[in-house]
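Okay, model.cif now, which holds mmCIF, C-alpha atoms and all ligand atoms:
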```cif
data_input
loop_
_atom_site.label_atom_id
_atom_site.label_comp_id
_atom_site.auth_asym_id
_atom_site.auth_seq_id
_atom_site.Cartn_x
_atom_site.Cartn_y
_atom_site.Cartn_z
CA MET Q 1226 -2.28 12.24 10.82
CA ASN Q 1227 -5.61 11.09 12.14
CA GLU Q 1228 -8.41 13.02 13.77
CA ASP Q 1229 -6.51 13.32 17.05
CA GLY Q 1230 -3.72 15.13 15.25
CA GLU Q 1231 -1.14 12.45 15.97
CA ASP Q 1232 -0.13 9.32 14.11
CA PRO Q 1233 -1.69 6.23 15.70
CA PHE Q 1234 1.52 4.31 15.08
CA GLU Q 1235 5.26 4.39 15.65
CA VAL Q 1236 8.03 3.35 13.28
CA ARG Q 1237 10.56 0.77 14.43
CA ASP Q 1238 12.33 -2.41 13.32
CA SER Q 1239 10.12 -5.03 11.72
CA HIS Q 1240 10.89 -8.73 11.59
CA ILE Q 1241 9.24 -8.80 8.14
CA HIS Q 1242 11.34 -6.17 6.40
CA GLY Q 1243 13.42 -3.19 7.51
CA LEU Q 1244 11.32 -0.72 9.42
CA GLY Q 1245 7.64 -1.17 10.08
CA ALA Q 1246 4.75 0.83 11.49
CA PHE Q 1247 3.23 -0.43 14.75
CA ALA Q 1248 -0.05 0.62 16.34
CA THR Q 1249 0.39 2.76 19.46
CA ARG Q 1250 -3.29 2.58 20.36
CA PRO Q 1251 -6.15 0.24 19.60
CA LEU Q 1252 -7.69 0.93 16.22
CA ARG Q 1253 -11.20 0.08 15.16
CA LYS Q 1254 -12.13 -0.96 11.66
CA GLY Q 1255 -12.35 2.11 9.42
CA GLN Q 1256 -10.23 4.30 11.68
CA ARG Q 1257 -8.00 6.62 9.72
CA ILE Q 1258 -4.26 5.97 9.89
CA GLY Q 1259 -3.03 8.68 7.56
CA LEU Q 1260 -2.47 9.94 4.06
CA TYR Q 1261 0.38 8.54 1.99
CA ALA Q 1262 2.57 11.59 1.45
CA GLY Q 1263 5.46 12.22 -0.91
CA ARG Q 1264 6.66 13.72 -4.10
CA ARG Q 1265 4.22 13.65 -7.01
CA TRP Q 1266 5.34 12.25 -10.34
CA THR Q 1267 3.38 12.89 -13.49
CA PRO Q 1268 2.90 10.12 -16.07
CA GLY Q 1269 5.48 11.84 -18.30
CA GLU Q 1270 8.08 11.92 -15.53
CA ILE Q 1271 7.37 8.33 -14.59
CA ALA Q 1272 8.44 7.24 -18.06
CA THR Q 1273 11.96 8.54 -17.32
CA LEU Q 1274 12.27 6.85 -13.93
CA ASP Q 1275 14.84 4.27 -12.92
CA TRP Q 1276 12.80 1.80 -10.90
CA ASP Q 1277 15.61 0.08 -9.05
CA ASN Q 1278 14.45 -0.63 -5.50
CA ALA Q 1279 12.06 2.28 -5.65
CA LEU Q 1280 8.87 0.54 -6.63
CA THR Q 1281 7.76 -0.33 -3.12
CA TYR Q 1282 7.75 3.37 -2.18
CA PHE Q 1283 5.52 4.37 -5.07
CA PHE Q 1284 1.78 4.56 -4.94
CA GLY Q 1285 0.03 4.69 -8.30
CA LEU Q 1286 -3.05 6.86 -8.67
CA SER Q 1287 -5.93 6.39 -11.07
CA ASP Q 1288 -4.97 9.53 -13.04
CA GLY Q 1289 -1.65 7.91 -13.98
CA SER Q 1290 0.46 9.95 -11.54
CA MET Q 1291 2.37 8.50 -8.61
CA ILE Q 1292 3.31 9.43 -5.06
CA ASP Q 1293 6.95 8.76 -4.13
CA GLY Q 1294 7.23 8.23 -0.37
CA ARG Q 1295 11.01 8.54 -0.42
CA GLU Q 1296 10.80 12.33 -0.82
CA GLY Q 1297 8.60 14.29 1.55
CA GLY Q 1298 6.98 11.11 2.74
CA ASN Q 1299 5.58 10.51 6.20
CA GLY Q 1300 5.52 7.50 8.51
CA THR Q 1301 2.98 5.69 6.36
CA ARG Q 1302 5.75 4.84 3.89
CA HIS Q 1303 7.00 2.33 6.45
CA LEU Q 1304 3.87 0.20 6.31
CA ASN Q 1305 5.06 -3.15 5.04
CA HIS Q 1306 3.27 -5.40 2.61
CA SER Q 1307 1.19 -8.38 3.64
CA CYS Q 1308 -0.97 -10.63 1.53
CA ALA Q 1309 -3.40 -10.64 4.48
CA PRO Q 1310 -3.18 -6.98 5.54
CA ASN Q 1311 -4.89 -5.37 8.53
CA CYS Q 1312 -5.09 -1.97 6.79
CA VAL Q 1313 -6.50 -0.81 3.49
CA ALA Q 1314 -5.38 2.00 1.20
CA TYR Q 1315 -7.75 3.73 -1.17
CA GLU Q 1316 -8.04 6.86 -3.20
CA VAL Q 1317 -9.84 9.96 -1.97
CA VAL Q 1318 -10.18 13.46 -3.39
CA ASP Q 1319 -9.31 16.14 -0.85
CA GLU Q 1320 -11.00 19.54 -0.45
CA ASP Q 1321 -8.61 21.00 -3.05
CA GLY Q 1322 -9.60 18.39 -5.61
CA VAL Q 1323 -6.27 16.56 -5.29
CA LEU Q 1324 -6.14 12.77 -5.39
CA GLN Q 1325 -4.79 11.32 -2.15
CA ILE Q 1326 -4.16 7.83 -0.83
CA GLN Q 1327 -5.86 7.33 2.49
CA ILE Q 1328 -4.92 4.45 4.74
CA GLU Q 1329 -7.28 3.13 7.37
CA ALA Q 1330 -7.64 0.09 9.58
CA GLY Q 1331 -9.28 -2.79 7.73
CA ARG Q 1332 -10.17 -4.52 10.97
CA ARG Q 1333 -9.61 -4.16 14.70
CA ILE Q 1334 -5.96 -3.69 15.52
CA ARG Q 1335 -4.33 -4.08 18.91
CA VAL Q 1336 -1.57 -1.94 20.40
CA GLY Q 1337 1.79 -3.20 19.16
CA ASP Q 1338 0.43 -4.92 16.04
CA GLU Q 1339 2.40 -4.17 12.90
CA LEU Q 1340 0.34 -2.36 10.28
CA PHE Q 1341 0.23 -3.81 6.78
CA ILE Q 1342 -1.30 -3.00 3.45
CA ASP Q 1343 -1.39 -5.08 0.29
CA TYR Q 1344 1.01 -3.32 -2.10
CA SER Q 1345 -0.40 -5.08 -5.18
CA LEU Q 1346 2.50 -3.66 -7.17
CA ASP Q 1347 1.98 -2.97 -10.85
CA ILE Q 1348 5.21 -4.52 -12.13
CA GLY Q 1349 4.45 -4.50 -15.83
CA ASP Q 1350 6.38 -7.25 -17.58
CA ALA Q 1351 8.75 -7.89 -14.68
CA ASP Q 1352 8.97 -11.27 -12.98
CA PRO Q 1353 6.75 -11.41 -9.86
CA ALA Q 1354 9.47 -13.51 -8.18
CA GLU Q 1355 11.68 -10.41 -8.13
CA PHE Q 1356 9.26 -8.91 -5.62
CA GLU Q 1357 9.31 -11.81 -3.20
CA CYS Q 1358 6.90 -11.67 -0.27
CA ARG Q 1359 7.82 -13.06 3.12
CA CYS Q 1360 4.71 -11.97 4.99
CA GLY Q 1361 4.10 -15.48 6.31
CA ALA Q 1362 0.32 -15.29 5.94
CA PRO Q 1363 -1.33 -18.62 5.09
CA GLU Q 1364 -2.74 -16.99 1.96
CA CYS Q 1365 0.63 -15.51 0.93
CA ARG Q 1366 0.92 -15.11 -2.86
CA GLY Q 1367 4.71 -15.28 -2.64
CA THR Q 1368 5.04 -11.89 -4.31
CA MET Q 1369 4.20 -8.26 -3.58
CA ALA Q 1370 3.02 -7.90 -7.17
CA ALA Q 1371 -0.66 -7.47 -7.85
CA PRO Q 1372 -2.54 -10.75 -8.19
CA PRO Q 1373 -3.20 -11.75 -11.79
CA PRO Q 1374 -6.54 -10.56 -13.15
CA PRO Q 1375 -9.29 -13.15 -12.92
CA PRO Q 1376 -9.71 -15.23 -16.07
CA PRO Q 1377 -12.24 -13.78 -18.50
CA ALA Q 1378 -15.74 -14.99 -17.88
CA LYS Q 1379 -16.64 -17.88 -20.11
CA LYS Q 1380 -19.08 -17.05 -22.80
CA PRO Q 1381 -22.38 -18.83 -22.35
CA ARG Q 1382 -22.60 -21.67 -24.77
CA ARG Q 1383 -25.08 -21.14 -27.50
CA ARG Q 1384 -27.88 -23.60 -27.55
CA GLY Q 1385 -28.85 -25.64 -30.53
ZN ZN P 1401 2.72 -12.59 1.28
#
```
Please go through the file and, once you have read it, give me the structure as structure tokens.
Ligand SMILES: [Zn+2]
Amino acid sequence: MNEDGEDPFEVRDSHIHGLGAFATRPLRKGQRIGLYAGRRWTPGEIATLDWDNALTYFFGLSDGSMIDGREGGNGTRHLNHSCAPNCVAYEVVDEDGVLQIQIEAGRRIRVGDELFIDYSLDIGDADPAEFECRCGAPECRGTMAAPPPPPPAKKPRRRG
């Protein structure tokens, strides 16, 4: 929920994929959309997981744990992926010291716009083509997987 105590979006059919989240009021850049809620998985539990179809509902945290939006999740789990998203997700530590994923508007958003984040899935050794993206953005990577890391910086050539 945001500062007004009510989600600034509604969940309905998306032409991109399944259900989507759509702004119900204009949002300014930096405006809070919500916290990504769900069941917490520890790194040890994650090792036992069957990933089939589940990956897009998981949010990885920097401490190695994950949030599973399928259980106890809120409306933010319906934000679809775009390679040119209008929202950003980032880690915050709440007043209890717990890592959370906060989602906020990355730019101005109009009423009725679908809300997107860049999933940048960590797919390990899997084929990025298995996580096909159909976001339609001109800069679409073709996959919801995280972009490859930039090539290592070239070492300066030694003189002489
Ligand atoms: Zn895309």
Spatial neighbours of region 1236-1240 of chain Q, max dist 9 Å, all atoms listed in the file, sep filter under 6 positions, as JSON, numbers by chain: {"Q": [1246, 1247, 1300, 1301, 1303, 1304, 1305, 1339]}
One number please: CA of Ile1348 (chain Q) to CA of Ala1370 (chain Q), in Å, one decimal.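 CA of Ile1348 (chain Q) sits 6.4 Å away from CA of Ala1370 (chain Q).
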Give me, as number ranges by chain, the set of residues whose atoms come within 12 Å of any atom of ligand ZN 1401 (chain P), counting all atoms listed in the file. Q: 1241-1242, 1305-1310, 1341-1345, 1353-1354, 1356-1372
With C-alpha atoms retained, export the selected residues as a CSV table (one decimal), in the frame of the given file.
```csv
chain,number,residue,atom,x,y,z
Q,1241,ILE,CA,9.2,-8.8,8.1
Q,1242,HIS,CA,11.3,-6.2,6.4
Q,1305,ASN,CA,5.1,-3.2,5.0
Q,1306,HIS,CA,3.3,-5.4,2.6
Q,1307,SER,CA,1.2,-8.4,3.6
Q,1308,CYS,CA,-1.0,-10.6,1.5
Q,1309,ALA,CA,-3.4,-10.6,4.5
Q,1310,PRO,CA,-3.2,-7.0,5.5
Q,1341,PHE,CA,0.2,-3.8,6.8
Q,1342,ILE,CA,-1.3,-3.0,3.4
Q,1343,ASP,CA,-1.4,-5.1,0.3
Q,1344,TYR,CA,1.0,-3.3,-2.1
Q,1345,SER,CA,-0.4,-5.1,-5.2
Q,1353,PRO,CA,6.8,-11.4,-9.9
Q,1354,ALA,CA,9.5,-13.5,-8.2
Q,1356,PHE,CA,9.3,-8.9,-5.6
Q,1357,GLU,CA,9.3,-11.8,-3.2
Q,1358,CYS,CA,6.9,-11.7,-0.3
Q,1359,ARG,CA,7.8,-13.1,3.1
Q,1360,CYS,CA,4.7,-12.0,5.0
Q,1361,GLY,CA,4.1,-15.5,6.3
Q,1362,ALA,CA,0.3,-15.3,5.9
Q,1363,PRO,CA,-1.3,-18.6,5.1
Q,1364,GLU,CA,-2.7,-17.0,2.0
Q,1365,CYS,CA,0.6,-15.5,0.9
Q,1366,ARG,CA,0.9,-15.1,-2.9
Q,1367,GLY,CA,4.7,-15.3,-2.6
Q,1368,THR,CA,5.0,-11.9,-4.3
Q,1369,MET,CA,4.2,-8.3,-3.6
Q,1370,ALA,CA,3.0,-7.9,-7.2
Q,1371,ALA,CA,-0.7,-7.5,-7.8
Q,1372,PRO,CA,-2.5,-10.8,-8.2
```
Which residue, Q:Leu1252, Q:Val1317, Q:Leu1260, Q:Leu1280, has the smallest gap to Ala1330 (chain Q) when you use all atoms listed in the file?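 Among Q:Leu1252, Q:Val1317, Q:Leu1260, Q:Leu1280, it is Q:Leu1252 that comes nearest to Ala1330 (chain Q).
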Point-to-point distance from CA of Ile1328 (chain Q) to CA of Pro1233 (chain Q), Å rounded to tenths: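 Going from CA of Ile1328 (chain Q) over to CA of Pro1233 (chain Q) covers 11.6 Å.
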note - CA of Arg1250 (chain Q) and CA of Arg1333 (chain Q) are separated by 10.8 Å
In terms of all atoms listed in the file, the residue from Q:Arg1265, Q:Tyr1282, Q:Asp1350, Q:Gly1298 at minimal distance from Val1323 (chain Q) is Q:Arg1265
Residue with smallest distance to Pro1374 (chain Q) - pool Q:Asp1319, Q:Asp1288, Q:Asp1352, Q:Asp1347, counting all atoms listed in the file: Q:Asp1347
Considering all atoms listed in the file, state which residue in the set Q:Arg1383, Q:Cys1312, Q:Pro1375, Q:Asp1293 is at the smallest distance from Arg1253 (chain Q).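 Once distances to Arg1253 (chain Q) are computed over all atoms listed in the file, the minimum belongs to Q:Cys1312.
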Would you mind listing what lies within 7 Å of Gly1331 (chain Q) as JSON, numbers by chain, with only C-alpha atoms counted and same-chain residues fewer than 5 positions away left out? {"Q": [1254, 1255, 1311, 1312, 1313]}
Nearest to Gly1263 (chain Q), chosen from Q:Pro1381, Q:Gly1245, Q:Gly1294, Q:Gly1337, with all atoms listed in the file counted in the distances: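 The shortest atom-to-atom distance to Gly1263 (chain Q) comes from Q:Gly1294.
Closest approach to Ala1248 (chain Q) from the set Q:Ile1271, Q:Val1336, Q:Ala1279, Q:Ala1262 is made by Q:Val1336, with distances taken over only C-alpha atoms.
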For Trp1266 (chain Q), work out the shell of residues within 10 Å, counting all atoms listed in the file and skipping chain neighbours fewer than 4 positions away, then give it as a ChimeraX atom specification. /Q:1270-1272,1274,1283,1285,1289-1293
